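Engineer: Let me give you the structure first, and then I'll get to my questions.
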Amino acid sequence: MESSRSSSRASRSHSLLRRLSSRVTSLSSRTRYFIAVSATVISVLLRLALDPAWDARLPYITFFPAIMLSAWLGGFGPGLVTTALSAFSAGYLWLPPLRSLQITNPEDQLGLGVFVFVGVVITALNEASRRGTAALAESERRLAVTLASIGDAVLTTDDDGRVTGMNGVASSLTGWIPADAIGKRLEDVFVIVRENSSELAPNPVHEALRDGTVAGLGDRTLLVSRDGRRIPIDDSAAPIRLEDGRAAGAVMVFRDITERRRNEAERDTQDRAARELAAIVESSDDAIVSKDLESTIRSWNRGAERIFGYTAEEMVGRSIRLIIPEDRWGEEDEVLRQLRRGEKVDHFETVRRRKDGRTVPVSLTISPIYSPVGVVIGASKIARDISERKQVEEERAQVLRREQEARAEVERAGRLKDDFLAIVSHELRTPLNAVLGYAQLLLAGVVPPKEILQAVQAIQRNAQAQSRLVESLLDMSRVLAGKLELSLKDVTLSTVIEAAVDAVRPDAVRKNIVLEISDSSNLARVTGDASRLQQVFWNVLSNAMKFTAGGGRVTVVVTTDGPTALIRITDNGRGIAPEFLPHVFDRFKQGKGEGSREQAGLGLGLSLVRELVHAHGGTVSAESEGEGRGATFTVELPLAPSTAADALVPSASIETPERPDQCIAE
């Protein structure tokens, strides 16, 4: 008994360790290396705090716990990182000469080498332990999944007959949850009685443990569940033996045979029904026909006369194909093949031809007829006229289609709302986290003076990004509400485009992208809102910058075609996949980046472009020859009536400055 309890306690301890190991292994790679660096920093600070007492003695003492923690929580890689950082810190701070990595003392060099070697050994041992625990947990998980997926109930006991485990089926049948059942005597959990009495039946587990053989009571016992249900079962038990032959317990497999009993009763009922059916064939409204395996009709009831218009005298002895349209004779061939295999055809819906030539929809049920020796010799067929049902179904299908269309529209609106909330919450939180993080670091005074400007620039950059996100949301809200206001006046198109180009120039400088403008009609004027048109071109140019790699090229070409101004913005970047091209202007739609990682943003920029261009009476389109082959966005705007003749201006290239770090990237 004491051995069983000790085993149970050990099992719980191992289970706790495996669960803890599972949680540890679920940490992300970034978290593991963060723990490694943090542990090293804490060890350095702790050792510095001990300097007044130890001076340069024991330089490695605080680093060993950090290595063990990093290796256990993070694995081999983080453990090596902590070892390397610890060796670097100890050599720099405590090994003479101090504040230098040039260690001159051979003993200190040897000590540092031993420290690194011990750190690697500790890391390797922790990694091996973690892998072993993970493998054991995976093995037990697979066993648990296997037991949970089989249809039979499985219950295990120790060698004293106490429950040690059960799967979900066993829990469902006995009414005991595993947490309550484990540790109890089997007789308290698995209670069985004789089928025709309340007498307790002997438990087959005890026989299996006593004799060391498979034991069972067959299918004439009832399981009395915890809630009093009496369930007919079929059971068997077998001993579980260790490698040395000692009995470690038993496993019992049992199943609910209620359905099997019900099927047996149903078969008896079906036999009686078949005999009764023979007596009412002639009075049935359905067509009931028998035929041989050559499709020759042997019987024809009054229902068949009513549905098909032929009398029994006209049909008996003739082929059933007389009422089958020629284009459906293949159905009869397939039915005959199934009948020869002894298979039944249930509720097969098709059409048959009446004597007057009209077709009638019918539902067929065809069953094989057996000879006394069990050979299929023919078939009985029941044909039901389903004309009225078909008409009702068609009407119902039309109503259902209308309902589905309405429901699909509602679901689409719901999905758009969910997408909107998910994207907004993520994209607004990301720059806000950066702003708050840098602000807290600045307030805490932990940012080195030389990095303060960089932190302020990061705050500014993320605040600007959040401001643009909010503006995009407000603009789309105005568009959807029909409240977008435009201040229309004649504006010079080249001025608007140059302002948009100036706005994206920092991105071009940062990514070393050549931005080329070719304006053959710098006097072209359009009627529109200058700020909104600038927003259109800024969005398209920003999109081109985002998807163009460093060293690439973005070209803006402005031309006129009769009363229309054409602005083509072309890049040699990633391009657009053919399947995504039709959706490039949809709200919340974004192309996939490398490794299927989506670009940041709300997916509203190009959607706003389309809405703003349409509001100005123009059109916008996108073209791409595929991924990796760049893209071209074309904006067409009607020219103002007062536009002068086109003026040719040679193309100019905007080169990036030599110090791109002077610009703050968007």
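Chain labels A, B, ... are given in the sequence in which chains occur in the structure tokens; within each chain residues are numbered consecutively from 1, and ligands are likewise numbered from 1 in the order shown.
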List every residue of segment 270-366 of chain A that DSSP, applied to the backbone of this structure, assigns to strand (DSSP E or B), and report them as a PDB file with N, CA, C and O atoms, in the first residue's frame.
Structural biologist:
ATOM      1  N   ALA A 287     -45.505   3.207 -56.230  1.00  0.00           N
ATOM      2  CA  ALA A 287     -45.289   2.147 -57.217  1.00  0.00           C
ATOM      3  C   ALA A 287     -44.359   1.100 -56.618  1.00  0.00           C
ATOM      4  O   ALA A 287     -43.258   1.423 -56.174  1.00  0.00           O
ATOM      5  N   ILE A 288     -44.815  -0.154 -56.570  1.00  0.00           N
ATOM      6  CA  ILE A 288     -44.006  -1.255 -56.052  1.00  0.00           C
ATOM      7  C   ILE A 288     -43.868  -2.271 -57.172  1.00  0.00           C
ATOM      8  O   ILE A 288     -44.846  -2.847 -57.638  1.00  0.00           O
ATOM      9  N   VAL A 289     -42.620  -2.475 -57.590  1.00  0.00           N
ATOM     10  CA  VAL A 289     -42.340  -3.297 -58.765  1.00  0.00           C
ATOM     11  C   VAL A 289     -41.237  -4.277 -58.408  1.00  0.00           C
ATOM     12  O   VAL A 289     -40.315  -3.948 -57.665  1.00  0.00           O
ATOM     13  N   SER A 290     -41.333  -5.492 -58.937  1.00  0.00           N
ATOM     14  CA  SER A 290     -40.235  -6.446 -58.820  1.00  0.00           C
ATOM     15  C   SER A 290     -39.724  -6.786 -60.208  1.00  0.00           C
ATOM     16  O   SER A 290     -40.469  -6.754 -61.188  1.00  0.00           O
ATOM     17  N   LYS A 291     -38.410  -7.081 -60.282  1.00  0.00           N
ATOM     18  CA  LYS A 291     -37.794  -7.395 -61.570  1.00  0.00           C
ATOM     19  C   LYS A 291     -36.667  -8.384 -61.332  1.00  0.00           C
ATOM     20  O   LYS A 291     -36.203  -8.579 -60.198  1.00  0.00           O
ATOM     21  N   ASP A 292     -36.204  -9.020 -62.433  1.00  0.00           N
ATOM     22  CA  ASP A 292     -35.060  -9.917 -62.313  1.00  0.00           C
ATOM     23  C   ASP A 292     -33.793  -9.141 -62.650  1.00  0.00           C
ATOM     24  O   ASP A 292     -33.832  -7.924 -62.890  1.00  0.00           O
ATOM     25  N   THR A 296     -36.184  -7.402 -66.385  1.00  0.00           N
ATOM     26  CA  THR A 296     -37.524  -7.805 -66.826  1.00  0.00           C
ATOM     27  C   THR A 296     -38.487  -7.728 -65.648  1.00  0.00           C
ATOM     28  O   THR A 296     -38.221  -8.259 -64.562  1.00  0.00           O
ATOM     29  N   ILE A 297     -39.625  -7.043 -65.840  1.00  0.00           N
ATOM     30  CA  ILE A 297     -40.601  -6.809 -64.778  1.00  0.00           C
ATOM     31  C   ILE A 297     -41.342  -8.104 -64.464  1.00  0.00           C
ATOM     32  O   ILE A 297     -41.829  -8.801 -65.365  1.00  0.00           O
ATOM     33  N   ARG A 298     -41.463  -8.430 -63.150  1.00  0.00           N
ATOM     34  CA  ARG A 298     -42.172  -9.618 -62.699  1.00  0.00           C
ATOM     35  C   ARG A 298     -43.486  -9.280 -62.002  1.00  0.00           C
ATOM     36  O   ARG A 298     -44.409 -10.107 -61.988  1.00  0.00           O
ATOM     37  N   SER A 299     -43.585  -8.098 -61.413  1.00  0.00           N
ATOM     38  CA  SER A 299     -44.852  -7.683 -60.779  1.00  0.00           C
ATOM     39  C   SER A 299     -44.992  -6.177 -60.884  1.00  0.00           C
ATOM     40  O   SER A 299     -44.008  -5.444 -60.980  1.00  0.00           O
ATOM     41  N   TRP A 300     -46.280  -5.733 -60.851  1.00  0.00           N
ATOM     42  CA  TRP A 300     -46.588  -4.301 -61.098  1.00  0.00           C
ATOM     43  C   TRP A 300     -47.867  -3.985 -60.338  1.00  0.00           C
ATOM     44  O   TRP A 300     -48.932  -4.483 -60.671  1.00  0.00           O
ATOM     45  N   SER A 319     -39.210  -4.988 -70.337  1.00  0.00           N
ATOM     46  CA  SER A 319     -38.059  -4.397 -69.647  1.00  0.00           C
ATOM     47  C   SER A 319     -38.458  -3.121 -68.910  1.00  0.00           C
ATOM     48  O   SER A 319     -39.280  -2.325 -69.400  1.00  0.00           O
ATOM     49  N   VAL A 345     -30.254   0.312 -52.777  1.00  0.00           N
ATOM     50  CA  VAL A 345     -30.270   1.711 -53.201  1.00  0.00           C
ATOM     51  C   VAL A 345     -31.394   2.403 -52.452  1.00  0.00           C
ATOM     52  O   VAL A 345     -32.563   2.019 -52.577  1.00  0.00           O
ATOM     53  N   ASP A 346     -31.041   3.415 -51.645  1.00  0.00           N
ATOM     54  CA  ASP A 346     -32.041   4.092 -50.807  1.00  0.00           C
ATOM     55  C   ASP A 346     -32.308   5.496 -51.323  1.00  0.00           C
ATOM     56  O   ASP A 346     -31.386   6.298 -51.526  1.00  0.00           O
ATOM     57  N   HIS A 347     -33.568   5.809 -51.524  1.00  0.00           N
ATOM     58  CA  HIS A 347     -34.038   7.165 -51.804  1.00  0.00           C
ATOM     59  C   HIS A 347     -33.216   7.831 -52.913  1.00  0.00           C
ATOM     60  O   HIS A 347     -32.738   8.954 -52.777  1.00  0.00           O
ATOM     61  N   PHE A 348     -33.075   7.113 -54.009  1.00  0.00           N
ATOM     62  CA  PHE A 348     -32.376   7.642 -55.174  1.00  0.00           C
ATOM     63  C   PHE A 348     -33.371   8.447 -56.001  1.00  0.00           C
ATOM     64  O   PHE A 348     -34.365   7.919 -56.500  1.00  0.00           O
ATOM     65  N   GLU A 349     -33.098   9.754 -56.137  1.00  0.00           N
ATOM     66  CA  GLU A 349     -34.030  10.637 -56.823  1.00  0.00           C
ATOM     67  C   GLU A 349     -33.626  10.783 -58.290  1.00  0.00           C
ATOM     68  O   GLU A 349     -32.472  11.085 -58.600  1.00  0.00           O
ATOM     69  N   THR A 350     -34.603  10.576 -59.181  1.00  0.00           N
ATOM     70  CA  THR A 350     -34.360  10.656 -60.615  1.00  0.00           C
ATOM     71  C   THR A 350     -35.688  10.972 -61.304  1.00  0.00           C
ATOM     72  O   THR A 350     -36.648  11.387 -60.626  1.00  0.00           O
ATOM     73  N   VAL A 351     -35.772  10.778 -62.612  1.00  0.00           N
ATOM     74  CA  VAL A 351     -37.026  10.987 -63.348  1.00  0.00           C
ATOM     75  C   VAL A 351     -37.329   9.732 -64.160  1.00  0.00           C
ATOM     76  O   VAL A 351     -36.421   9.012 -64.585  1.00  0.00           O
ATOM     77  N   ARG A 352     -38.616   9.458 -64.333  1.00  0.00           N
ATOM     78  CA  ARG A 352     -39.073   8.345 -65.165  1.00  0.00           C
ATOM     79  C   ARG A 352     -40.127   8.864 -66.140  1.00  0.00           C
ATOM     80  O   ARG A 352     -40.718   9.927 -65.946  1.00  0.00           O
ATOM     81  N   ARG A 353     -40.367   8.070 -67.198  1.00  0.00           N
ATOM     82  CA  ARG A 353     -41.257   8.503 -68.272  1.00  0.00           C
ATOM     83  C   ARG A 353     -42.591   7.775 -68.180  1.00  0.00           C
ATOM     84  O   ARG A 353     -42.651   6.541 -68.057  1.00  0.00           O
ATOM     85  N   THR A 359     -42.453  13.257 -68.218  1.00  0.00           N
ATOM     86  CA  THR A 359     -41.550  12.728 -67.195  1.00  0.00           C
ATOM     87  C   THR A 359     -42.090  13.087 -65.819  1.00  0.00           C
ATOM     88  O   THR A 359     -42.762  14.113 -65.642  1.00  0.00           O
ATOM     89  N   VAL A 360     -41.798  12.243 -64.860  1.00  0.00           N
ATOM     90  CA  VAL A 360     -42.258  12.458 -63.499  1.00  0.00           C
ATOM     91  C   VAL A 360     -41.065  12.249 -62.561  1.00  0.00           C
ATOM     92  O   VAL A 360     -40.340  11.253 -62.679  1.00  0.00           O
ATOM     93  N   PRO A 361     -40.810  13.178 -61.636  1.00  0.00           N
ATOM     94  CA  PRO A 361     -39.719  12.976 -60.668  1.00  0.00           C
ATOM     95  C   PRO A 361     -40.128  11.932 -59.629  1.00  0.00           C
ATOM     96  O   PRO A 361     -41.244  11.971 -59.102  1.00  0.00           O
ATOM     97  N   VAL A 362     -39.240  11.004 -59.356  1.00  0.00           N
ATOM     98  CA  VAL A 362     -39.545   9.938 -58.404  1.00  0.00           C
ATOM     99  C   VAL A 362     -38.360   9.739 -57.469  1.00  0.00           C
ATOM    100  O   VAL A 362     -37.222  10.090 -57.777  1.00  0.00           O
ATOM    101  N   SER A 363     -38.677   9.150 -56.316  1.00  0.00           N
ATOM    102  CA  SER A 363     -37.655   8.719 -55.366  1.00  0.00           C
ATOM    103  C   SER A 363     -37.688   7.201 -55.323  1.00  0.00           C
ATOM    104  O   SER A 363     -38.726   6.610 -55.030  1.00  0.00           O
ATOM    105  N   LEU A 364     -36.552   6.566 -55.629  1.00  0.00           N
ATOM    106  CA  LEU A 364     -36.494   5.110 -55.743  1.00  0.00           C
ATOM    107  C   LEU A 364     -35.784   4.496 -54.544  1.00  0.00           C
ATOM    108  O   LEU A 364     -34.731   4.984 -54.121  1.00  0.00           O
ATOM    109  N   THR A 365     -36.368   3.424 -54.036  1.00  0.00           N
ATOM    110  CA  THR A 365     -35.704   2.571 -53.057  1.00  0.00           C
ATOM    111  C   THR A 365     -35.693   1.166 -53.631  1.00  0.00           C
ATOM    112  O   THR A 365     -36.751   0.590 -53.889  1.00  0.00           O
ATOM    113  N   ILE A 366     -34.498   0.632 -53.866  1.00  0.00           N
ATOM    114  CA  ILE A 366     -34.356  -0.652 -54.553  1.00  0.00           C
ATOM    115  C   ILE A 366     -33.605  -1.611 -53.642  1.00  0.00           C
ATOM    116  O   ILE A 366     -32.506  -1.295 -53.172  1.00  0.00           O
TER     117      ILE A 366
END
Engineer: Identify all residues of segment 250-451 of chain A in alpha helix (DSSP H) (DSSP on the backbone) and supply them as a PyMOL selection string.
Structural biologist: chain A and resi 258-280+302-308+312-315+329-340+387-444+449-451
